[in-house]
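The structure under discussion appears below in the form of structure tokens.
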Amino acid sequence: MAGTSSGIVAGLVAVSVGTIGVLAYQAHADVPASLRAPSASASPSVAVTKAPRDRRHPTALPANSGKGERVVYSVDDDRVWLVTDRGRVTRTFGVHPGGVDPAPGSYWVTSRSNAITGSDGVPVEHVVRFTQVDGVTVGFSAATRNKTADPGSPRTGAIRETRPDGDAMWQFATIGVPVVVIR
């Protein structure tokens with residue numbers, strides 16, 4: 001009888017584990033993509049090639065740069081667009097990137113810091129981070145003394161903006177807001 005009891009228990013455990021696995025899979029499938037863990041993979045809705053530009057309006061939001069609320073960052077144009085959930089650009093501005101560029105794709109704001117010293121030794125504020133490249137953290141920030149990195153500074157993922165632009169980014173790009181990187 002003891003052998004039968006342990007067989008029944010083993011069977012119940014197997015069924016329970018299987019049921020939990022199925023429920024976990026279903027729960028994951030029901031979670032909106034915007035609430036899942038951040039990913040550094042390219043989104044199918046974002047073109048990896050250079051996004052089309054309006055030659056008459058070079059600061060206009062590029063076509064195929066995603067949908068909904070997002071920060072759009074062009075690594076080729078060194079420009080950022082803050083876009084509402086209805087697709088309206090609330091602000092666009094030029095930036096000065098460090099030596100490490102993120103790959104084109106969709107990311108999410110993963111952490112923020114009000115004021116720190118950057119990896120290049122420059123005091124910065126309103127740091128909005130969204131990915132890492134080869135161990136280098138990439139994010140937006142504003143130098144508190146409007147200073148750029150000295151020549152020969154370590155490779156940095158800092159995408160520097162002016163203080164007013166940094167204030168706008170800080171207000172807009174909270175944890176979980178999408179960041180779409182385009183060429």
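Residue numbering restarts at 1 in every chain; chains get A, B, ... in the order shown in the structure tokens, and ligands count up from 1 in that same order.
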Original post:
Which residues come within 7 Å of A:Val177, counting only C-alpha atoms, excluding same-chain residues fewer than 3 positions away, as a list in words?
Top reply: Arg70, Trp108, Val109, Ala173 and Thr174 of chain A
Go ahead and save the residues from that selection, with N, CA, C and O atoms, as an mmCIF file, in the first residue's frame.
data_model
loop_
_atom_site.group_PDB
_atom_site.id
_atom_site.type_symbol
_atom_site.label_atom_id
_atom_site.label_comp_id
_atom_site.auth_asym_id
_atom_site.auth_seq_id
_atom_site.Cartn_x
_atom_site.Cartn_y
_atom_site.Cartn_z
ATOM 1 N N ARG A 70 6.175 57.492 -26.337
ATOM 2 C CA ARG A 70 7.526 56.987 -26.468
ATOM 3 C C ARG A 70 8.514 58.141 -26.578
ATOM 4 O O ARG A 70 8.152 59.268 -26.903
ATOM 5 N N TRP A 108 12.921 50.200 -22.876
ATOM 6 C CA TRP A 108 12.072 50.862 -21.890
ATOM 7 C C TRP A 108 12.958 51.553 -20.883
ATOM 8 O O TRP A 108 14.068 51.081 -20.597
ATOM 9 N N VAL A 109 12.491 52.657 -20.328
ATOM 10 C CA VAL A 109 13.224 53.329 -19.256
ATOM 11 C C VAL A 109 13.270 52.365 -18.081
ATOM 12 O O VAL A 109 12.232 51.918 -17.595
ATOM 13 N N ALA A 173 9.887 60.947 -19.357
ATOM 14 C CA ALA A 173 10.382 59.566 -19.426
ATOM 15 C C ALA A 173 10.504 58.923 -18.048
ATOM 16 O O ALA A 173 11.597 58.799 -17.509
ATOM 17 N N THR A 174 9.378 58.482 -17.523
ATOM 18 C CA THR A 174 9.371 57.785 -16.246
ATOM 19 C C THR A 174 9.640 56.295 -16.481
ATOM 20 O O THR A 174 9.672 55.830 -17.620
#
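Take the candidates A:Ile159, A:Val136, A:Val127, A:Ile182 and check each one against A:Ser113 using only C-alpha atoms; the shortest distance goes to A:Val127.
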Shell around A:His96 at 7 Å using only C-alpha atoms, local window under 4 positions removed, as a PyMOL selection string: chain A and resi 78+159-161
Export of prior selection with C-alpha atoms as a PDB file, in the first residue's frame:
ATOM      1  CA  ASP A  78      21.567  62.975 -32.788  1.00  0.00           C
ATOM      2  CA  ILE A 159      23.447  60.958 -24.433  1.00  0.00           C
ATOM      3  CA  ARG A 160      23.828  64.555 -23.267  1.00  0.00           C
ATOM      4  CA  GLU A 161      21.092  67.137 -23.583  1.00  0.00           C
TER       5      GLU A 161
END
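Atom CA of A:Thr162 is positioned 13.1 Å from atom CA of A:Pro123.
Summary of the local environment: counting only C-alpha atoms, residues at most 12 Å from A:Gln171, other than itself and those fewer than 6 positions away along its chain, are Val71, Leu82, Thr90, Arg91, Arg112, Asn114, His126, Val127, Val128, Pro164, Asp165 and Val177 of chain A.
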For the residues selected in the previous step, produce a file with N, CA and C atoms as an mmCIF file, in the first residue's frame.
data_model
loop_
_atom_site.group_PDB
_atom_site.id
_atom_site.type_symbol
_atom_site.label_atom_id
_atom_site.label_comp_id
_atom_site.auth_asym_id
_atom_site.auth_seq_id
_atom_site.Cartn_x
_atom_site.Cartn_y
_atom_site.Cartn_z
ATOM 1 N N VAL A 71 9.762 57.796 -26.312
ATOM 2 C CA VAL A 71 10.898 58.656 -26.623
ATOM 3 C C VAL A 71 11.498 58.061 -27.886
ATOM 4 N N LEU A 82 9.951 63.593 -28.034
ATOM 5 C CA LEU A 82 9.088 63.118 -26.960
ATOM 6 C C LEU A 82 7.683 63.073 -27.538
ATOM 7 N N THR A 90 5.693 66.495 -28.331
ATOM 8 C CA THR A 90 5.635 67.605 -27.382
ATOM 9 C C THR A 90 6.942 68.393 -27.362
ATOM 10 N N ARG A 91 8.024 67.738 -27.788
ATOM 11 C CA ARG A 91 9.319 68.423 -27.805
ATOM 12 C C ARG A 91 10.286 67.603 -28.652
ATOM 13 N N ARG A 112 16.300 55.677 -13.190
ATOM 14 C CA ARG A 112 16.493 57.125 -13.247
ATOM 15 C C ARG A 112 17.264 57.571 -12.012
ATOM 16 N N ASN A 114 18.293 61.429 -10.082
ATOM 17 C CA ASN A 114 18.136 62.881 -10.121
ATOM 18 C C ASN A 114 19.465 63.582 -10.368
ATOM 19 N N HIS A 126 19.125 64.478 -13.909
ATOM 20 C CA HIS A 126 18.004 63.936 -14.682
ATOM 21 C C HIS A 126 18.444 62.815 -15.622
ATOM 22 N N VAL A 127 19.079 61.817 -15.027
ATOM 23 C CA VAL A 127 19.587 60.671 -15.781
ATOM 24 C C VAL A 127 18.439 59.693 -16.021
ATOM 25 N N VAL A 128 18.226 59.343 -17.284
ATOM 26 C CA VAL A 128 17.163 58.414 -17.688
ATOM 27 C C VAL A 128 17.846 57.290 -18.471
ATOM 28 N N PRO A 164 17.444 72.494 -19.997
ATOM 29 C CA PRO A 164 15.994 72.571 -20.243
ATOM 30 C C PRO A 164 15.454 71.305 -20.924
ATOM 31 N N ASP A 165 16.210 70.754 -21.875
ATOM 32 C CA ASP A 165 15.777 69.514 -22.516
ATOM 33 C C ASP A 165 15.814 68.349 -21.527
ATOM 34 N N VAL A 177 8.484 53.845 -19.656
ATOM 35 C CA VAL A 177 8.148 54.526 -20.907
ATOM 36 C C VAL A 177 9.034 53.956 -22.006
#
